[in-house]
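Engineer: Sending over a structure as structure tokens; questions will come in a sec.
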Amino acid sequence: MAPITKAVFPVAGLGTRFLPATKAMPKELLPIIDKPIVQYAVEEAVAAGITEIIFVTGRNKRAVGDHFDANLELEHQLMTKGKTDMRDMVRNIVPQGVACIFVRQPEPKGLGDAVLCAAPAVGNNPFAVLLADDLMQGDILPTAALVEAYGRDPKTLLSVSEVAREDVSKYGILRLAEGAVAGQDGVLPVAGLVEKPAPEKAPSQLASFGRYVFSPEVFDVLRDLPPGAGGEIQLADAIDILAGRGRVGAITNPSARYDCGAKFGYLNAIVDVALKDPDYAARFEALLRDRLAKLDQARG
């Protein structure tokens with residue numbers, strides 16, 4: 001069984017929820033303090049053993065490639081100013097031995113289509129998919145957990161968490177067989193996946209988030225898949241078909257997740273990352289306490 005060494009990053013989305021900031025800058029490059037969202041996801045993939053990063057890009061996404069490419073002029077300027085630490089940081093955004101490949105999605109036809117665009121680069125190999133909008137923080141991150149679980153039982157695996165009933169319409173929701181329980185390996189068998197159901201029709205409250213691993217069989221399913229919700233090729237529909245074949249499992253997300261595709265989730269991520277940063281934590285906590293005290297005084 002081939003190990004998972006390839007990861008697909010669909011980054012062709014327009015980021016309309018962050019306009020006008022994303023008019024000229026890809027949403028994936030929005031910073032959490034001084035590091036773009038997408039870099040956190042790439043670092044998560046590399047830590048899980050990924051050595052080939054496949055970006056599926058769209059128009060106006062050249063900046064994503066520029067961020068992960070070498071910038072010799074900048075490195076030279078930093079060196080001449082004696083800023084070797086900063087030079088090394090810029091140079092090592094992608095570690096040695098990790099390759100970046102860029103594939104164009106000609107038109108935005110859905111997440112399933114974006115994954116299918118990566119098929120020539122993936123080949124007949126298992127692979128991970130990471131959605132950079134979902135920032136994960138913790139001692140154990142979901143990609144590593146998924147890759148490890150795939151090594152024990154090679155099939156499609158999803159990272160899932162329980163959500164409030166009123167929030168199920170935002171996510172792909174798991175349908176479980178009656179009496180289904182997680183095995184000793186922590187993998188829960190999945191009978192199906194329903195994309196963004198109404199709360200009263202949701203089959204569970206277990207939501208699939210932006211981390212997956214797939215065997216290459218998913219490409220055959222995606223090629224034959226008709227357009228689904230929104231007239232797009234939905235990855236959730238392909239997962240639902242594979243689940244009907246008994247080929248899908250789920251593991252609980254072991255980390256904290258921040259939805260950085262939404263403004264409030266993005267703010268949450270900045271606050272929590274800052275409170276854990278050794279350079280800023282104490283000052284940032286003091287700033288928050290000061291602002292809250294002033295707010296209380298203003299409210300009387």
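In the structure tokens, the first chain shown is A, the next is B, and so on; residue numbers restart at 1 for each chain, and ligands run from 1 in the order shown.
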Would you pick out the contacts of A:Asp220 at 10 Å or less, using only C-alpha atoms, so that residues sharing its chain but fewer than 6 positions from it are not included, and give the list as a short mmCIF file (atom, residue, chain, number, x, y, z; two decimals) with N, CA, C and O atoms, in the first residue's frame?
Structural biologist:
data_model
loop_
_atom_site.label_atom_id
_atom_site.label_comp_id
_atom_site.auth_asym_id
_atom_site.auth_seq_id
_atom_site.Cartn_x
_atom_site.Cartn_y
_atom_site.Cartn_z
N LEU A 116 -10.96 17.07 -8.91
CA LEU A 116 -10.77 16.32 -10.15
C LEU A 116 -9.68 16.95 -11.02
O LEU A 116 -8.95 16.24 -11.71
N ALA A 119 -6.28 15.44 -10.63
CA ALA A 119 -6.08 14.01 -10.93
C ALA A 119 -4.78 13.73 -11.70
O ALA A 119 -4.06 12.78 -11.34
N ALA A 238 -19.82 12.86 -4.21
CA ALA A 238 -18.90 11.75 -4.47
C ALA A 238 -18.66 10.94 -3.20
O ALA A 238 -18.63 9.69 -3.23
#
Engineer: A:Glu200: which residues within 12 Å, counting only C-alpha atoms, same-chain residues fewer than 5 positions away excluded, as a list in words?
Structural biologist: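 What passes the distance filter is Arg165, Glu166, Asp167, Val168, Ser169 and Gln205 of chain A.
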Engineer: Please produce, as a tab-separated table, a per-residue contact table for stretch 156-212 of chain A versus stretch 122-144 of chain A (criterion: any atom at most 8 Å away, only C-alpha atoms considered), showing the nearest atom pair and its distance in Å to one decimal, sorted by chain then residue number.
Structural biologist:
residue	atom	partner	partner_atom	distance
A:Ser159	CA	A:Pro142	CA	6.5
A:Phe209	CA	A:Asp134	CA	7.6
A:Gly210	CA	A:Leu131	CA	4.8
A:Arg211	CA	A:Leu130	CA	4.9
A:Tyr212	CA	A:Val129	CA	5.1
Engineer: Tell me, which residues of stretch 12-45 of chain A carry DSSP helix (DSSP H, G or I), written as a list in words?
Structural biologist: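 Taking stretch 12-45 of chain A and keeping helix (DSSP H, G or I) only, one gets Thr16, Arg17, Phe18, Lys27, Glu28, Leu29, Ile37, Val38, Gln39, Tyr40, Ala41, Val42, Glu43, Glu44 and Ala45 of chain A.
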Engineer: Just to be explicit: take each residue in the selection above, keep N, CA, C and O atoms, and write the result as a PDB file, in the first residue's frame.
Structural biologist:
ATOM      1  N   THR A  16     -15.467  36.035  -1.660  1.00  0.00           N
ATOM      2  CA  THR A  16     -16.353  37.193  -1.706  1.00  0.00           C
ATOM      3  C   THR A  16     -16.746  37.700  -0.319  1.00  0.00           C
ATOM      4  O   THR A  16     -17.084  38.874  -0.165  1.00  0.00           O
ATOM      5  N   ARG A  17     -16.700  36.816   0.689  1.00  0.00           N
ATOM      6  CA  ARG A  17     -17.108  37.266   2.027  1.00  0.00           C
ATOM      7  C   ARG A  17     -16.118  38.237   2.643  1.00  0.00           C
ATOM      8  O   ARG A  17     -16.422  38.878   3.652  1.00  0.00           O
ATOM      9  N   PHE A  18     -14.923  38.348   2.044  1.00  0.00           N
ATOM     10  CA  PHE A  18     -13.919  39.266   2.587  1.00  0.00           C
ATOM     11  C   PHE A  18     -13.637  40.448   1.661  1.00  0.00           C
ATOM     12  O   PHE A  18     -12.631  41.136   1.831  1.00  0.00           O
ATOM     13  N   LYS A  27      -7.884  35.166  -0.659  1.00  0.00           N
ATOM     14  CA  LYS A  27      -8.294  35.020   0.745  1.00  0.00           C
ATOM     15  C   LYS A  27      -7.343  34.108   1.510  1.00  0.00           C
ATOM     16  O   LYS A  27      -7.180  34.248   2.726  1.00  0.00           O
ATOM     17  N   GLU A  28      -6.705  33.157   0.787  1.00  0.00           N
ATOM     18  CA  GLU A  28      -5.789  32.227   1.443  1.00  0.00           C
ATOM     19  C   GLU A  28      -4.552  32.917   1.999  1.00  0.00           C
ATOM     20  O   GLU A  28      -3.836  32.345   2.819  1.00  0.00           O
ATOM     21  N   LEU A  29      -4.282  34.146   1.550  1.00  0.00           N
ATOM     22  CA  LEU A  29      -3.117  34.884   2.035  1.00  0.00           C
ATOM     23  C   LEU A  29      -3.467  35.882   3.134  1.00  0.00           C
ATOM     24  O   LEU A  29      -2.587  36.619   3.591  1.00  0.00           O
ATOM     25  N   ILE A  37      -3.072  32.249   6.143  1.00  0.00           N
ATOM     26  CA  ILE A  37      -3.883  31.090   6.511  1.00  0.00           C
ATOM     27  C   ILE A  37      -3.398  29.834   5.810  1.00  0.00           C
ATOM     28  O   ILE A  37      -3.263  28.769   6.414  1.00  0.00           O
ATOM     29  N   VAL A  38      -3.121  29.947   4.507  1.00  0.00           N
ATOM     30  CA  VAL A  38      -2.763  28.761   3.733  1.00  0.00           C
ATOM     31  C   VAL A  38      -1.441  28.163   4.196  1.00  0.00           C
ATOM     32  O   VAL A  38      -1.225  26.949   4.101  1.00  0.00           O
ATOM     33  N   GLN A  39      -0.548  28.978   4.738  1.00  0.00           N
ATOM     34  CA  GLN A  39       0.734  28.446   5.188  1.00  0.00           C
ATOM     35  C   GLN A  39       0.548  27.531   6.395  1.00  0.00           C
ATOM     36  O   GLN A  39       1.261  26.527   6.540  1.00  0.00           O
ATOM     37  N   TYR A  40      -0.393  27.861   7.263  1.00  0.00           N
ATOM     38  CA  TYR A  40      -0.684  26.976   8.390  1.00  0.00           C
ATOM     39  C   TYR A  40      -1.103  25.597   7.875  1.00  0.00           C
ATOM     40  O   TYR A  40      -0.678  24.564   8.405  1.00  0.00           O
ATOM     41  N   ALA A  41      -1.949  25.581   6.843  1.00  0.00           N
ATOM     42  CA  ALA A  41      -2.426  24.311   6.299  1.00  0.00           C
ATOM     43  C   ALA A  41      -1.294  23.535   5.627  1.00  0.00           C
ATOM     44  O   ALA A  41      -1.207  22.311   5.756  1.00  0.00           O
ATOM     45  N   VAL A  42      -0.425  24.242   4.911  1.00  0.00           N
ATOM     46  CA  VAL A  42       0.719  23.580   4.281  1.00  0.00           C
ATOM     47  C   VAL A  42       1.633  22.982   5.345  1.00  0.00           C
ATOM     48  O   VAL A  42       2.104  21.843   5.216  1.00  0.00           O
ATOM     49  N   GLU A  43       1.886  23.713   6.413  1.00  0.00           N
ATOM     50  CA  GLU A  43       2.724  23.191   7.489  1.00  0.00           C
ATOM     51  C   GLU A  43       2.085  21.964   8.137  1.00  0.00           C
ATOM     52  O   GLU A  43       2.783  21.001   8.506  1.00  0.00           O
ATOM     53  N   GLU A  44       0.770  21.977   8.256  1.00  0.00           N
ATOM     54  CA  GLU A  44       0.052  20.808   8.793  1.00  0.00           C
ATOM     55  C   GLU A  44       0.255  19.601   7.891  1.00  0.00           C
ATOM     56  O   GLU A  44       0.492  18.480   8.363  1.00  0.00           O
ATOM     57  N   ALA A  45       0.171  19.815   6.584  1.00  0.00           N
ATOM     58  CA  ALA A  45       0.354  18.720   5.630  1.00  0.00           C
ATOM     59  C   ALA A  45       1.775  18.176   5.682  1.00  0.00           C
ATOM     60  O   ALA A  45       1.993  16.958   5.709  1.00  0.00           O
TER      61      ALA A  45
END
Engineer: Please provide the set of residues having any atom within 12 Å of A:Leu74, restricted to only C-alpha atoms, with same-chain residues fewer than 6 positions apart removed, written as a JSON list (two decimals) with N, CA, C and O atoms, in the first residue's frame.
Structural biologist:
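Final file, around29.json:
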[["chain", "number", "residue", "atom", "x", "y", "z"],
["A", 67, "HIS", "N", 3.96, 33.29, -3.05],
["A", 67, "HIS", "CA", 4.28, 33.16, -1.62],
["A", 67, "HIS", "C", 5.14, 31.92, -1.37],
["A", 67, "HIS", "O", 6.05, 31.96, -0.52],
["A", 80, "THR", "N", 22.01, 41.35, 2.96],
["A", 80, "THR", "CA", 22.87, 42.52, 2.97],
["A", 80, "THR", "C", 22.61, 43.40, 4.20],
["A", 80, "THR", "O", 23.48, 44.17, 4.61],
["A", 81, "LYS", "N", 21.44, 43.28, 4.78],
["A", 81, "LYS", "CA", 21.11, 44.04, 5.99],
["A", 81, "LYS", "C", 21.38, 43.24, 7.26],
["A", 81, "LYS", "O", 21.04, 43.68, 8.35],
["A", 83, "LYS", "N", 20.00, 40.48, 8.20],
["A", 83, "LYS", "CA", 18.80, 39.86, 8.77],
["A", 83, "LYS", "C", 18.72, 38.41, 8.33],
["A", 83, "LYS", "O", 17.82, 37.98, 7.61],
["A", 84, "THR", "N", 19.69, 37.62, 8.81],
["A", 84, "THR", "CA", 19.78, 36.22, 8.35],
["A", 84, "THR", "C", 18.61, 35.38, 8.86],
["A", 84, "THR", "O", 18.16, 34.47, 8.16],
["A", 86, "MET", "N", 15.51, 36.35, 9.28],
["A", 86, "MET", "CA", 14.37, 36.62, 8.41],
["A", 86, "MET", "C", 14.60, 36.01, 7.03],
["A", 86, "MET", "O", 13.66, 35.49, 6.41],
["A", 87, "ARG", "N", 15.84, 36.04, 6.55],
["A", 87, "ARG", "CA", 16.15, 35.41, 5.27],
["A", 87, "ARG", "C", 15.84, 33.92, 5.32],
["A", 87, "ARG", "O", 15.22, 33.36, 4.41],
["A", 88, "ASP", "N", 16.25, 33.27, 6.40],
["A", 88, "ASP", "CA", 16.01, 31.84, 6.53],
["A", 88, "ASP", "C", 14.52, 31.54, 6.63],
["A", 88, "ASP", "O", 14.04, 30.54, 6.09],
["A", 89, "MET", "N", 13.78, 32.39, 7.32],
["A", 89, "MET", "CA", 12.34, 32.19, 7.44],
["A", 89, "MET", "C", 11.66, 32.26, 6.07],
["A", 89, "MET", "O", 10.83, 31.42, 5.72],
["A", 90, "VAL", "N", 12.04, 33.24, 5.27],
["A", 90, "VAL", "CA", 11.46, 33.40, 3.93],
["A", 90, "VAL", "C", 11.87, 32.24, 3.03],
["A", 90, "VAL", "O", 11.05, 31.69, 2.28],
["A", 91, "ARG", "N", 13.12, 31.84, 3.14],
["A", 91, "ARG", "CA", 13.64, 30.78, 2.27],
["A", 91, "ARG", "C", 13.01, 29.43, 2.59],
["A", 91, "ARG", "O", 12.82, 28.60, 1.69]]
Engineer: So which residues touch A:Asp259 within 9 Å, counting only C-alpha atoms, skipping near sequence neighbours fewer than 3 positions away, as a ChimeraX atom specification?
Structural biologist: /A:133-135,262-266,268-269
Engineer: Grab the atom CA of A:Lys294 to atom CA of A:Tyr258 distance for me, in Å with one decimal place.
Structural biologist: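 If I compute the distance from atom CA of A:Lys294 to atom CA of A:Tyr258, I get 27.8 Å.
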Engineer: Can you work out which one of A:Val11, A:Leu176, A:Leu222, A:Ala24 has the shortest atom-to-atom distance to A:Gly192, counting only C-alpha atoms?
Structural biologist: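 Comparing A:Val11, A:Leu176, A:Leu222, A:Ala24 against A:Gly192, the winner is A:Leu176.
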Engineer: Apply DSSP to the structure's backbone, then extract all residues of stretch 112-251 of chain A labelled strand (DSSP E) and return them as a PDB file with C-alpha atoms, in the first residue's frame.
Structural biologist:
ATOM      1  CA  PHE A 127      -3.957  11.754  -1.311  1.00  0.00           C
ATOM      2  CA  ALA A 128      -5.133  14.269   1.251  1.00  0.00           C
ATOM      3  CA  VAL A 129      -7.320  17.306   0.626  1.00  0.00           C
ATOM      4  CA  LEU A 130      -6.989  20.382   2.812  1.00  0.00           C
ATOM      5  CA  ASP A 134     -10.221  25.813   8.059  1.00  0.00           C
ATOM      6  CA  LEU A 135      -7.372  26.670  10.421  1.00  0.00           C
ATOM      7  CA  MET A 136      -6.520  23.854  12.820  1.00  0.00           C
ATOM      8  CA  GLN A 137      -4.653  24.362  16.080  1.00  0.00           C
ATOM      9  CA  THR A 156     -11.912   7.598   2.198  1.00  0.00           C
ATOM     10  CA  LEU A 157     -11.684   9.220   5.619  1.00  0.00           C
ATOM     11  CA  LEU A 158     -13.265  12.416   6.910  1.00  0.00           C
ATOM     12  CA  SER A 159     -12.427  14.636   9.847  1.00  0.00           C
ATOM     13  CA  VAL A 160     -15.650  15.394  11.720  1.00  0.00           C
ATOM     14  CA  SER A 161     -16.973  17.279  14.722  1.00  0.00           C
ATOM     15  CA  GLU A 162     -20.401  17.607  16.281  1.00  0.00           C
ATOM     16  CA  GLY A 172     -21.827  18.196   4.930  1.00  0.00           C
ATOM     17  CA  ILE A 173     -23.582  16.071   7.567  1.00  0.00           C
ATOM     18  CA  LEU A 174     -22.913  12.391   8.180  1.00  0.00           C
ATOM     19  CA  ARG A 175     -25.583   9.756   7.787  1.00  0.00           C
ATOM     20  CA  LEU A 188     -16.721   5.551  12.584  1.00  0.00           C
ATOM     21  CA  PRO A 189     -18.359   3.863   9.562  1.00  0.00           C
ATOM     22  CA  GLY A 192     -23.736   8.638   3.606  1.00  0.00           C
ATOM     23  CA  LEU A 193     -23.080  12.377   3.506  1.00  0.00           C
ATOM     24  CA  VAL A 194     -25.795  14.989   3.052  1.00  0.00           C
ATOM     25  CA  GLU A 195     -24.674  18.418   1.858  1.00  0.00           C
ATOM     26  CA  LEU A 206     -21.719  15.241  12.853  1.00  0.00           C
ATOM     27  CA  ALA A 207     -20.231  17.638  10.323  1.00  0.00           C
ATOM     28  CA  SER A 208     -17.407  16.992   7.886  1.00  0.00           C
ATOM     29  CA  PHE A 209     -14.837  19.782   7.827  1.00  0.00           C
ATOM     30  CA  GLY A 210     -12.018  20.701   5.479  1.00  0.00           C
ATOM     31  CA  ARG A 211      -9.689  17.718   5.911  1.00  0.00           C
ATOM     32  CA  TYR A 212     -10.009  14.471   3.953  1.00  0.00           C
ATOM     33  CA  VAL A 213      -7.978  11.563   2.625  1.00  0.00           C
ATOM     34  CA  PHE A 214      -8.983   9.656  -0.493  1.00  0.00           C
ATOM     35  CA  VAL A 248     -15.961   5.842   3.913  1.00  0.00           C
ATOM     36  CA  GLY A 249     -15.056   6.302   7.567  1.00  0.00           C
ATOM     37  CA  ALA A 250     -14.774   9.280   9.895  1.00  0.00           C
ATOM     38  CA  ILE A 251     -12.572  10.243  12.811  1.00  0.00           C
TER      39      ILE A 251
END
